[in-house]
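Colleague: As input, take query-v1.txt (compact mmCIF, N, CA and C atoms):
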# COMPACT_ATOMS: atom_id res chain seq x y z
N MET A 1 -0.63 83.38 75.66
CA MET A 1 -1.02 82.68 76.88
C MET A 1 -2.37 83.23 77.33
N ARG A 2 -3.38 82.75 76.72
CA ARG A 2 -4.73 83.20 77.04
C ARG A 2 -5.06 82.88 78.50
N GLY A 3 -5.64 83.86 79.19
CA GLY A 3 -6.08 83.64 80.55
C GLY A 3 -4.99 83.60 81.60
N GLN A 4 -3.76 83.85 81.22
CA GLN A 4 -2.65 83.76 82.16
C GLN A 4 -2.09 85.14 82.52
N ALA A 5 -2.64 86.19 81.95
CA ALA A 5 -2.08 87.53 82.11
C ALA A 5 -1.99 87.99 83.56
N GLY A 6 -2.91 87.57 84.41
CA GLY A 6 -2.90 88.02 85.80
C GLY A 6 -2.01 87.22 86.72
N LEU A 7 -1.39 86.18 86.20
CA LEU A 7 -0.56 85.33 87.06
C LEU A 7 0.82 85.95 87.30
N ARG A 8 1.36 85.70 88.47
CA ARG A 8 2.72 86.11 88.81
C ARG A 8 3.68 85.11 88.18
N PRO A 9 4.93 85.49 87.94
CA PRO A 9 5.89 84.57 87.31
C PRO A 9 5.99 83.21 88.01
N GLY A 10 5.95 83.20 89.34
CA GLY A 10 6.06 81.95 90.08
C GLY A 10 4.84 81.05 89.96
N GLU A 11 3.76 81.58 89.42
CA GLU A 11 2.52 80.81 89.25
C GLU A 11 2.41 80.15 87.88
N LEU A 12 3.36 80.43 87.00
CA LEU A 12 3.35 79.85 85.65
C LEU A 12 4.02 78.49 85.66
N SER A 13 3.59 77.63 84.75
CA SER A 13 4.28 76.35 84.58
C SER A 13 5.64 76.61 83.95
N GLY A 14 6.50 75.61 83.94
CA GLY A 14 7.82 75.78 83.32
C GLY A 14 7.72 76.15 81.85
N GLY A 15 6.83 75.47 81.13
CA GLY A 15 6.64 75.77 79.71
C GLY A 15 6.10 77.17 79.48
N GLN A 16 5.14 77.58 80.31
CA GLN A 16 4.59 78.93 80.19
C GLN A 16 5.67 79.97 80.46
N ALA A 17 6.49 79.73 81.47
CA ALA A 17 7.56 80.66 81.80
C ALA A 17 8.58 80.75 80.67
N GLN A 18 8.92 79.62 80.05
CA GLN A 18 9.89 79.63 78.95
C GLN A 18 9.31 80.35 77.74
N ARG A 19 8.04 80.11 77.42
CA ARG A 19 7.42 80.80 76.28
C ARG A 19 7.34 82.29 76.54
N THR A 20 7.07 82.68 77.80
CA THR A 20 7.05 84.09 78.16
C THR A 20 8.44 84.70 77.99
N ALA A 21 9.46 83.99 78.44
CA ALA A 21 10.84 84.49 78.30
C ALA A 21 11.21 84.64 76.84
N LEU A 22 10.81 83.69 76.00
CA LEU A 22 11.09 83.81 74.57
C LEU A 22 10.36 85.00 73.96
N ALA A 23 9.11 85.18 74.33
CA ALA A 23 8.36 86.33 73.82
C ALA A 23 9.03 87.64 74.22
N ARG A 24 9.49 87.72 75.46
CA ARG A 24 10.16 88.94 75.92
C ARG A 24 11.47 89.16 75.17
N ALA A 25 12.17 88.07 74.85
CA ALA A 25 13.43 88.20 74.12
C ALA A 25 13.20 88.62 72.68
N LEU A 26 12.09 88.20 72.10
CA LEU A 26 11.84 88.44 70.68
C LEU A 26 11.05 89.71 70.39
N VAL A 27 10.36 90.26 71.38
CA VAL A 27 9.45 91.37 71.14
C VAL A 27 10.16 92.62 70.61
N THR A 28 11.42 92.80 70.93
CA THR A 28 12.14 93.99 70.48
C THR A 28 12.73 93.83 69.08
N GLY A 29 12.54 92.66 68.46
CA GLY A 29 13.03 92.43 67.11
C GLY A 29 14.53 92.31 67.00
N PRO A 30 15.17 91.53 67.85
CA PRO A 30 16.63 91.41 67.78
C PRO A 30 17.06 90.68 66.51
N LYS A 31 18.29 90.91 66.10
CA LYS A 31 18.84 90.18 64.95
C LYS A 31 19.29 88.79 65.37
N VAL A 32 19.72 88.65 66.63
CA VAL A 32 20.22 87.38 67.16
C VAL A 32 19.65 87.16 68.55
N VAL A 33 19.25 85.92 68.84
CA VAL A 33 18.82 85.51 70.18
C VAL A 33 19.79 84.43 70.64
N PHE A 34 20.31 84.59 71.84
CA PHE A 34 21.18 83.59 72.44
C PHE A 34 20.35 82.78 73.43
N ALA A 35 20.23 81.48 73.20
CA ALA A 35 19.39 80.62 74.03
C ALA A 35 20.25 79.51 74.63
N ASP A 36 20.47 79.59 75.93
CA ASP A 36 21.27 78.59 76.64
C ASP A 36 20.33 77.61 77.31
N GLU A 37 20.26 76.39 76.80
CA GLU A 37 19.39 75.33 77.32
C GLU A 37 17.96 75.84 77.51
N PRO A 38 17.31 76.30 76.43
CA PRO A 38 15.98 76.89 76.57
C PRO A 38 14.91 75.90 77.04
N THR A 39 15.19 74.61 76.98
CA THR A 39 14.22 73.60 77.41
C THR A 39 14.76 72.74 78.54
N GLY A 40 15.84 73.16 79.15
CA GLY A 40 16.55 72.34 80.12
C GLY A 40 15.72 71.78 81.27
N ALA A 41 14.76 72.52 81.77
CA ALA A 41 14.00 72.07 82.93
C ALA A 41 12.57 71.67 82.57
N LEU A 42 12.33 71.41 81.29
CA LEU A 42 10.97 71.13 80.84
C LEU A 42 10.76 69.67 80.50
N ASP A 43 9.51 69.23 80.57
CA ASP A 43 9.19 67.88 80.12
C ASP A 43 9.17 67.87 78.59
N SER A 44 9.03 66.70 78.00
CA SER A 44 9.15 66.59 76.54
C SER A 44 8.07 67.36 75.79
N LEU A 45 6.84 67.38 76.29
CA LEU A 45 5.77 68.11 75.62
C LEU A 45 6.02 69.61 75.67
N ALA A 46 6.37 70.13 76.84
CA ALA A 46 6.65 71.56 76.97
C ALA A 46 7.87 71.93 76.13
N SER A 47 8.88 71.07 76.08
CA SER A 47 10.07 71.32 75.27
C SER A 47 9.70 71.45 73.80
N GLU A 48 8.86 70.54 73.33
CA GLU A 48 8.42 70.59 71.94
C GLU A 48 7.64 71.87 71.65
N GLN A 49 6.77 72.27 72.57
CA GLN A 49 6.00 73.49 72.38
C GLN A 49 6.90 74.72 72.33
N VAL A 50 7.88 74.78 73.21
CA VAL A 50 8.80 75.92 73.24
C VAL A 50 9.63 75.96 71.96
N MET A 51 10.16 74.83 71.54
CA MET A 51 10.99 74.81 70.34
C MET A 51 10.18 75.09 69.08
N THR A 52 8.97 74.58 69.01
CA THR A 52 8.11 74.85 67.86
C THR A 52 7.81 76.35 67.77
N ALA A 53 7.48 76.96 68.90
CA ALA A 53 7.20 78.40 68.93
C ALA A 53 8.44 79.20 68.55
N LEU A 54 9.59 78.81 69.07
CA LEU A 54 10.83 79.52 68.76
C LEU A 54 11.15 79.43 67.27
N VAL A 55 11.14 78.23 66.73
CA VAL A 55 11.47 78.04 65.31
C VAL A 55 10.49 78.80 64.42
N HIS A 56 9.21 78.69 64.71
CA HIS A 56 8.21 79.40 63.90
C HIS A 56 8.47 80.91 63.91
N THR A 57 8.68 81.45 65.09
CA THR A 57 8.86 82.90 65.23
C THR A 57 10.13 83.39 64.55
N VAL A 58 11.24 82.70 64.76
CA VAL A 58 12.49 83.19 64.19
C VAL A 58 12.51 83.04 62.66
N ARG A 59 11.87 82.02 62.14
CA ARG A 59 11.80 81.88 60.68
C ARG A 59 10.90 82.95 60.08
N GLU A 60 9.86 83.29 60.79
CA GLU A 60 8.94 84.33 60.33
C GLU A 60 9.60 85.71 60.35
N THR A 61 10.44 85.96 61.35
CA THR A 61 11.04 87.29 61.51
C THR A 61 12.45 87.40 60.95
N GLY A 62 13.07 86.27 60.62
CA GLY A 62 14.44 86.31 60.12
C GLY A 62 15.48 86.46 61.21
N THR A 63 15.09 86.22 62.44
CA THR A 63 16.02 86.31 63.56
C THR A 63 16.91 85.07 63.60
N ALA A 64 18.18 85.27 63.88
CA ALA A 64 19.10 84.14 64.05
C ALA A 64 19.09 83.71 65.51
N VAL A 65 19.28 82.42 65.73
CA VAL A 65 19.33 81.90 67.10
C VAL A 65 20.61 81.11 67.28
N LEU A 66 21.35 81.44 68.33
CA LEU A 66 22.50 80.65 68.75
C LEU A 66 22.03 79.89 69.97
N LEU A 67 21.85 78.59 69.81
CA LEU A 67 21.25 77.76 70.85
C LEU A 67 22.29 76.79 71.38
N ILE A 68 22.41 76.74 72.68
CA ILE A 68 23.32 75.80 73.35
C ILE A 68 22.47 74.76 74.04
N THR A 69 22.76 73.48 73.79
CA THR A 69 21.99 72.41 74.41
C THR A 69 22.79 71.12 74.49
N HIS A 70 22.41 70.29 75.44
CA HIS A 70 22.95 68.94 75.55
C HIS A 70 21.93 67.93 75.01
N ASP A 71 20.75 68.39 74.65
CA ASP A 71 19.63 67.54 74.24
C ASP A 71 19.63 67.37 72.72
N ALA A 72 19.83 66.15 72.25
CA ALA A 72 19.87 65.88 70.80
C ALA A 72 18.55 66.21 70.13
N GLN A 73 17.43 66.02 70.83
CA GLN A 73 16.12 66.34 70.23
C GLN A 73 15.96 67.84 70.03
N VAL A 74 16.48 68.63 70.93
CA VAL A 74 16.44 70.09 70.78
C VAL A 74 17.40 70.50 69.66
N ALA A 75 18.58 69.93 69.63
CA ALA A 75 19.56 70.25 68.58
C ALA A 75 19.02 69.94 67.20
N ALA A 76 18.14 68.95 67.09
CA ALA A 76 17.58 68.57 65.79
C ALA A 76 16.74 69.68 65.17
N TYR A 77 16.31 70.65 65.94
CA TYR A 77 15.55 71.78 65.40
C TYR A 77 16.46 72.75 64.62
N ALA A 78 17.75 72.66 64.81
CA ALA A 78 18.70 73.61 64.22
C ALA A 78 18.91 73.36 62.73
N ASP A 79 19.21 74.43 62.02
CA ASP A 79 19.58 74.32 60.61
C ASP A 79 21.04 73.90 60.47
N ARG A 80 21.82 74.24 61.47
CA ARG A 80 23.25 73.90 61.46
C ARG A 80 23.66 73.53 62.87
N GLU A 81 24.47 72.51 62.98
CA GLU A 81 24.90 72.03 64.29
C GLU A 81 26.42 72.08 64.36
N VAL A 82 26.91 72.59 65.46
CA VAL A 82 28.34 72.61 65.74
C VAL A 82 28.54 71.94 67.08
N ARG A 83 29.43 70.97 67.13
CA ARG A 83 29.68 70.25 68.39
C ARG A 83 31.02 70.65 68.98
N MET A 84 31.08 70.56 70.30
CA MET A 84 32.33 70.77 71.00
C MET A 84 32.71 69.48 71.71
N ALA A 85 33.97 69.13 71.62
CA ALA A 85 34.48 67.97 72.31
C ALA A 85 35.88 68.27 72.79
N ASP A 86 36.10 68.10 74.06
CA ASP A 86 37.41 68.36 74.65
C ASP A 86 37.95 69.76 74.32
N GLY A 87 37.05 70.73 74.35
CA GLY A 87 37.44 72.12 74.14
C GLY A 87 37.64 72.51 72.69
N ALA A 88 37.40 71.62 71.75
CA ALA A 88 37.57 71.92 70.33
C ALA A 88 36.20 71.95 69.64
N VAL A 89 36.04 72.87 68.70
CA VAL A 89 34.82 72.97 67.93
C VAL A 89 34.95 72.11 66.68
N ALA A 90 33.94 71.27 66.45
CA ALA A 90 33.94 70.39 65.28
C ALA A 90 32.58 70.49 64.62
N PRO A 91 32.46 71.13 63.45
CA PRO A 91 31.16 71.25 62.78
C PRO A 91 30.64 69.88 62.36
N VAL A 92 29.37 69.66 62.58
CA VAL A 92 28.74 68.40 62.22
C VAL A 92 28.13 68.51 60.83
N GLY A 93 27.60 69.69 60.50
CA GLY A 93 27.02 69.88 59.17
C GLY A 93 25.65 70.49 59.23
N VAL A 94 25.05 70.59 58.08
CA VAL A 94 23.72 71.17 57.93
C VAL A 94 22.70 70.08 58.18
N THR A 95 21.68 70.39 59.01
CA THR A 95 20.66 69.40 59.34
C THR A 95 19.33 69.68 58.66
N ALA A 96 19.19 70.83 58.01
CA ALA A 96 17.90 71.14 57.37
C ALA A 96 18.06 71.25 55.88
Could you take the file, read its structure, and then write that structure out as structure tokens?

Modeller:
Amino acid sequence: MRGQAGLRPGELSGGQAQRTALARALVTGPKVVFADEPTGALDSLASEQVMTALVHTVRETGTAVLLITHDAQVAAYADREVRMADGAVAPVGVTA
């Protein structure tokens, strides 16, 4: 985030805040990242930017991501999708 270093958290856009949160989650090199609706409050462009950055980073580092979402476009970034319906887990299959 070039030029944004001096801003307070409340001064960042939603996309900037989400990318910052992802960077903070990934900087320690975790084996797994749990992401609950990581694009839930973002517009489509910011959502795409966040998901592209997340996918690129985790593939580069080998980090696994467990992502929860109601958004089919966000789910499409996953290598594997598991759906829940009426409290039951039903695997959909491999998407990549």

Colleague: Could you write out, as a list in words, all the residues of chain A that DSSP marks as strand (DSSP E or B)?

Modeller: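 Filtering chain A down to strand (DSSP E or B) leaves Val32, Val33, Phe34, Ala35, Asp36, Ala64, Val65, Leu66, Leu67, Ile68, Arg80, Glu81, Val82, Arg83, Met84, Ala85, Ala88, Val89, Ala90, Pro91, Val92, Gly93 and Val94 of chain A.
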
Colleague: How many Å separate atom N of A:His70 from atom CA of A:Glu37?

Modeller: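 Straight-line distance from atom N of A:His70 to atom CA of A:Glu37 works out to 6.2 Å.
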
Colleague: Can you measure atom CA of A:Gly62 to atom CA of A:Leu26 for me? One decimal in Å is fine.

Modeller: 11.1 Å

Colleague: Which of these residues is nearest to A:Ala46, using all atoms listed in the file: A:Ala78, A:Ile68, A:Val32, A:Gly14?

Modeller: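 Of the candidates, the smallest distance to A:Ala46 is held by A:Gly14.
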
Colleague: Of the residues A:Leu45, A:Met51, A:Leu22, A:Val27, which is the one nearest to A:Tyr77, using all atoms listed in the file?

Modeller: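 Using all atoms listed in the file, the shortest distance to A:Tyr77 belongs to A:Met51.
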
Colleague: Tell me, in Å to one decimal, how far atom C of A:Thr39 is from atom N of A:Thr69.

Modeller: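 Distance between the two atoms: 9.3 Å.
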
Colleague: Given the point (11.6, 67.2, 71.5) in the coordinates of this file, which residues lie within 6.5 Å, counting only N, CA and C atoms, and how would they look as a list of chain:residue names?

Modeller: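 Taken together, the residues in range are A:Ser44, A:Ser47, A:Glu48, A:Gln73, A:Val74.
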
Colleague: Write out the residues from the selection above, keeping N, CA and C atoms, as a compact mmCIF listing (two decimals), in the coordinates of the input.

Modeller:
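Saved as selection.txt:
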# COMPACT_ATOMS: atom_id res chain seq x y z
N SER A 44 9.03 66.70 78.00
CA SER A 44 9.15 66.59 76.54
C SER A 44 8.07 67.36 75.79
N SER A 47 8.88 71.07 76.08
CA SER A 47 10.07 71.32 75.27
C SER A 47 9.70 71.45 73.80
N GLU A 48 8.86 70.54 73.33
CA GLU A 48 8.42 70.59 71.94
C GLU A 48 7.64 71.87 71.65
N GLN A 73 17.43 66.02 70.83
CA GLN A 73 16.12 66.34 70.23
C GLN A 73 15.96 67.84 70.03
N VAL A 74 16.48 68.63 70.93
CA VAL A 74 16.44 70.09 70.78
C VAL A 74 17.40 70.50 69.66

Colleague: Within chain A, find each residue whose DSSP state, derived from the backbone, is alpha helix (DSSP H), and express the selection as a ChimeraX atom specification.

Modeller: /A:14-26,44-61,72-75

Colleague: Might you pull out every residue within 10 Å of A:Val58, with only C-alpha atoms counted and same-chain residues fewer than 6 positions away left off, and present them as an mmCIF file with N, CA and C atoms, keeping the file's coordinate frame?

Modeller:
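Result file follows (result_37.cif):
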data_model
loop_
_atom_site.group_PDB
_atom_site.id
_atom_site.type_symbol
_atom_site.label_atom_id
_atom_site.label_comp_id
_atom_site.auth_asym_id
_atom_site.auth_seq_id
_atom_site.Cartn_x
_atom_site.Cartn_y
_atom_site.Cartn_z
ATOM 1 N N LEU A 26 12.090 88.200 72.100
ATOM 2 C CA LEU A 26 11.840 88.440 70.680
ATOM 3 C C LEU A 26 11.050 89.710 70.390
ATOM 4 N N GLY A 29 12.540 92.660 68.460
ATOM 5 C CA GLY A 29 13.030 92.430 67.110
ATOM 6 C C GLY A 29 14.530 92.310 67.000
ATOM 7 N N PRO A 30 15.170 91.530 67.850
ATOM 8 C CA PRO A 30 16.630 91.410 67.780
ATOM 9 C C PRO A 30 17.060 90.680 66.510
ATOM 10 N N LYS A 31 18.290 90.910 66.100
ATOM 11 C CA LYS A 31 18.840 90.180 64.950
ATOM 12 C C LYS A 31 19.290 88.790 65.370
ATOM 13 N N VAL A 32 19.720 88.650 66.630
ATOM 14 C CA VAL A 32 20.220 87.380 67.160
ATOM 15 C C VAL A 32 19.650 87.160 68.550
ATOM 16 N N VAL A 33 19.250 85.920 68.840
ATOM 17 C CA VAL A 33 18.820 85.510 70.180
ATOM 18 C C VAL A 33 19.790 84.430 70.640
ATOM 19 N N ALA A 64 18.180 85.270 63.880
ATOM 20 C CA ALA A 64 19.100 84.140 64.050
ATOM 21 C C ALA A 64 19.090 83.710 65.510
ATOM 22 N N VAL A 65 19.280 82.420 65.730
ATOM 23 C CA VAL A 65 19.330 81.900 67.100
ATOM 24 C C VAL A 65 20.610 81.110 67.280
#

Colleague: When you write stretch 35-67 of chain A out from the block above, keep N, CA and C atoms and present the result as a PDB file, in the first residue's frame, please.

Modeller:
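Contents of part-v2.pdb, freshly written:
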ATOM      1  N   ALA A  35     -10.401 -17.581   7.030  1.00  0.00           N
ATOM      2  CA  ALA A  35     -10.947 -16.340   6.493  1.00  0.00           C
ATOM      3  C   ALA A  35     -12.470 -16.438   6.444  1.00  0.00           C
ATOM      4  N   ASP A  36     -13.132 -15.697   7.312  1.00  0.00           N
ATOM      5  CA  ASP A  36     -14.590 -15.694   7.369  1.00  0.00           C
ATOM      6  C   ASP A  36     -15.109 -14.484   6.613  1.00  0.00           C
ATOM      7  N   GLU A  37     -15.703 -14.707   5.449  1.00  0.00           N
ATOM      8  CA  GLU A  37     -16.230 -13.643   4.587  1.00  0.00           C
ATOM      9  C   GLU A  37     -15.203 -12.531   4.375  1.00  0.00           C
ATOM     10  N   PRO A  38     -14.031 -12.863   3.817  1.00  0.00           N
ATOM     11  CA  PRO A  38     -12.976 -11.856   3.683  1.00  0.00           C
ATOM     12  C   PRO A  38     -13.329 -10.699   2.752  1.00  0.00           C
ATOM     13  N   THR A  39     -14.371 -10.850   1.944  1.00  0.00           N
ATOM     14  CA  THR A  39     -14.769  -9.781   1.028  1.00  0.00           C
ATOM     15  C   THR A  39     -16.193  -9.314   1.284  1.00  0.00           C
ATOM     16  N   GLY A  40     -16.748  -9.683   2.416  1.00  0.00           N
ATOM     17  CA  GLY A  40     -18.154  -9.444   2.703  1.00  0.00           C
ATOM     18  C   GLY A  40     -18.645  -8.016   2.551  1.00  0.00           C
ATOM     19  N   ALA A  41     -17.839  -7.036   2.890  1.00  0.00           N
ATOM     20  CA  ALA A  41     -18.301  -5.648   2.858  1.00  0.00           C
ATOM     21  C   ALA A  41     -17.660  -4.857   1.718  1.00  0.00           C
ATOM     22  N   LEU A  42     -17.127  -5.559   0.724  1.00  0.00           N
ATOM     23  CA  LEU A  42     -16.392  -4.889  -0.342  1.00  0.00           C
ATOM     24  C   LEU A  42     -17.167  -4.877  -1.652  1.00  0.00           C
ATOM     25  N   ASP A  43     -16.855  -3.901  -2.496  1.00  0.00           N
ATOM     26  CA  ASP A  43     -17.440  -3.895  -3.833  1.00  0.00           C
ATOM     27  C   ASP A  43     -16.722  -4.949  -4.685  1.00  0.00           C
ATOM     28  N   SER A  44     -17.206  -5.181  -5.887  1.00  0.00           N
ATOM     29  CA  SER A  44     -16.679  -6.275  -6.700  1.00  0.00           C
ATOM     30  C   SER A  44     -15.212  -6.092  -7.074  1.00  0.00           C
ATOM     31  N   LEU A  45     -14.781  -4.866  -7.360  1.00  0.00           N
ATOM     32  CA  LEU A  45     -13.381  -4.632  -7.711  1.00  0.00           C
ATOM     33  C   LEU A  45     -12.470  -4.890  -6.520  1.00  0.00           C
ATOM     34  N   ALA A  46     -12.824  -4.354  -5.363  1.00  0.00           N
ATOM     35  CA  ALA A  46     -12.018  -4.568  -4.161  1.00  0.00           C
ATOM     36  C   ALA A  46     -12.009  -6.045  -3.785  1.00  0.00           C
ATOM     37  N   SER A  47     -13.138  -6.735  -3.949  1.00  0.00           N
ATOM     38  CA  SER A  47     -13.210  -8.169  -3.664  1.00  0.00           C
ATOM     39  C   SER A  47     -12.244  -8.939  -4.540  1.00  0.00           C
ATOM     40  N   GLU A  48     -12.230  -8.604  -5.824  1.00  0.00           N
ATOM     41  CA  GLU A  48     -11.321  -9.274  -6.752  1.00  0.00           C
ATOM     42  C   GLU A  48      -9.863  -9.018  -6.379  1.00  0.00           C
ATOM     43  N   GLN A  49      -9.544  -7.789  -6.003  1.00  0.00           N
ATOM     44  CA  GLN A  49      -8.177  -7.461  -5.611  1.00  0.00           C
ATOM     45  C   GLN A  49      -7.759  -8.230  -4.361  1.00  0.00           C
ATOM     46  N   VAL A  50      -8.636  -8.303  -3.381  1.00  0.00           N
ATOM     47  CA  VAL A  50      -8.331  -9.023  -2.143  1.00  0.00           C
ATOM     48  C   VAL A  50      -8.142 -10.512  -2.428  1.00  0.00           C
ATOM     49  N   MET A  51      -9.035 -11.101  -3.197  1.00  0.00           N
ATOM     50  CA  MET A  51      -8.935 -12.531  -3.475  1.00  0.00           C
ATOM     51  C   MET A  51      -7.721 -12.860  -4.343  1.00  0.00           C
ATOM     52  N   THR A  52      -7.417 -12.010  -5.304  1.00  0.00           N
ATOM     53  CA  THR A  52      -6.235 -12.227  -6.137  1.00  0.00           C
ATOM     54  C   THR A  52      -4.972 -12.178  -5.280  1.00  0.00           C
ATOM     55  N   ALA A  53      -4.881 -11.204  -4.388  1.00  0.00           N
ATOM     56  CA  ALA A  53      -3.722 -11.090  -3.500  1.00  0.00           C
ATOM     57  C   ALA A  53      -3.632 -12.293  -2.567  1.00  0.00           C
ATOM     58  N   LEU A  54      -4.760 -12.716  -2.026  1.00  0.00           N
ATOM     59  CA  LEU A  54      -4.767 -13.866  -1.124  1.00  0.00           C
ATOM     60  C   LEU A  54      -4.317 -15.130  -1.841  1.00  0.00           C
ATOM     61  N   VAL A  55      -4.909 -15.414  -2.988  1.00  0.00           N
ATOM     62  CA  VAL A  55      -4.565 -16.623  -3.732  1.00  0.00           C
ATOM     63  C   VAL A  55      -3.097 -16.613  -4.143  1.00  0.00           C
ATOM     64  N   HIS A  56      -2.627 -15.496  -4.657  1.00  0.00           N
ATOM     65  CA  HIS A  56      -1.220 -15.403  -5.067  1.00  0.00           C
ATOM     66  C   HIS A  56      -0.291 -15.685  -3.886  1.00  0.00           C
ATOM     67  N   THR A  57      -0.560 -15.050  -2.765  1.00  0.00           N
ATOM     68  CA  THR A  57       0.312 -15.187  -1.596  1.00  0.00           C
ATOM     69  C   THR A  57       0.299 -16.597  -1.032  1.00  0.00           C
ATOM     70  N   VAL A  58      -0.876 -17.189  -0.889  1.00  0.00           N
ATOM     71  CA  VAL A  58      -0.919 -18.518  -0.271  1.00  0.00           C
ATOM     72  C   VAL A  58      -0.333 -19.591  -1.195  1.00  0.00           C
ATOM     73  N   ARG A  59      -0.483 -19.421  -2.492  1.00  0.00           N
ATOM     74  CA  ARG A  59       0.134 -20.388  -3.421  1.00  0.00           C
ATOM     75  C   ARG A  59       1.642 -20.248  -3.416  1.00  0.00           C
ATOM     76  N   GLU A  60       2.111 -19.034  -3.275  1.00  0.00           N
ATOM     77  CA  GLU A  60       3.549 -18.780  -3.230  1.00  0.00           C
ATOM     78  C   GLU A  60       4.174 -19.334  -1.947  1.00  0.00           C
ATOM     79  N   THR A  61       3.447 -19.253  -0.837  1.00  0.00           N
ATOM     80  CA  THR A  61       3.997 -19.657   0.458  1.00  0.00           C
ATOM     81  C   THR A  61       3.597 -21.065   0.885  1.00  0.00           C
ATOM     82  N   GLY A  62       2.614 -21.650   0.210  1.00  0.00           N
ATOM     83  CA  GLY A  62       2.147 -22.977   0.597  1.00  0.00           C
ATOM     84  C   GLY A  62       1.194 -22.963   1.780  1.00  0.00           C
ATOM     85  N   THR A  63       0.669 -21.808   2.101  1.00  0.00           N
ATOM     86  CA  THR A  63      -0.278 -21.685   3.203  1.00  0.00           C
ATOM     87  C   THR A  63      -1.654 -22.205   2.773  1.00  0.00           C
ATOM     88  N   ALA A  64      -2.312 -22.926   3.651  1.00  0.00           N
ATOM     89  CA  ALA A  64      -3.681 -23.378   3.386  1.00  0.00           C
ATOM     90  C   ALA A  64      -4.652 -22.310   3.874  1.00  0.00           C
ATOM     91  N   VAL A  65      -5.778 -22.197   3.181  1.00  0.00           N
ATOM     92  CA  VAL A  65      -6.805 -21.238   3.586  1.00  0.00           C
ATOM     93  C   VAL A  65      -8.127 -21.966   3.730  1.00  0.00           C
ATOM     94  N   LEU A  66      -8.766 -21.780   4.873  1.00  0.00           N
ATOM     95  CA  LEU A  66     -10.132 -22.242   5.079  1.00  0.00           C
ATOM     96  C   LEU A  66     -10.990 -20.995   5.002  1.00  0.00           C
ATOM     97  N   LEU A  67     -11.747 -20.888   3.920  1.00  0.00           N
ATOM     98  CA  LEU A  67     -12.500 -19.677   3.631  1.00  0.00           C
ATOM     99  C   LEU A  67     -13.987 -19.969   3.726  1.00  0.00           C
TER     100      LEU A  67
END
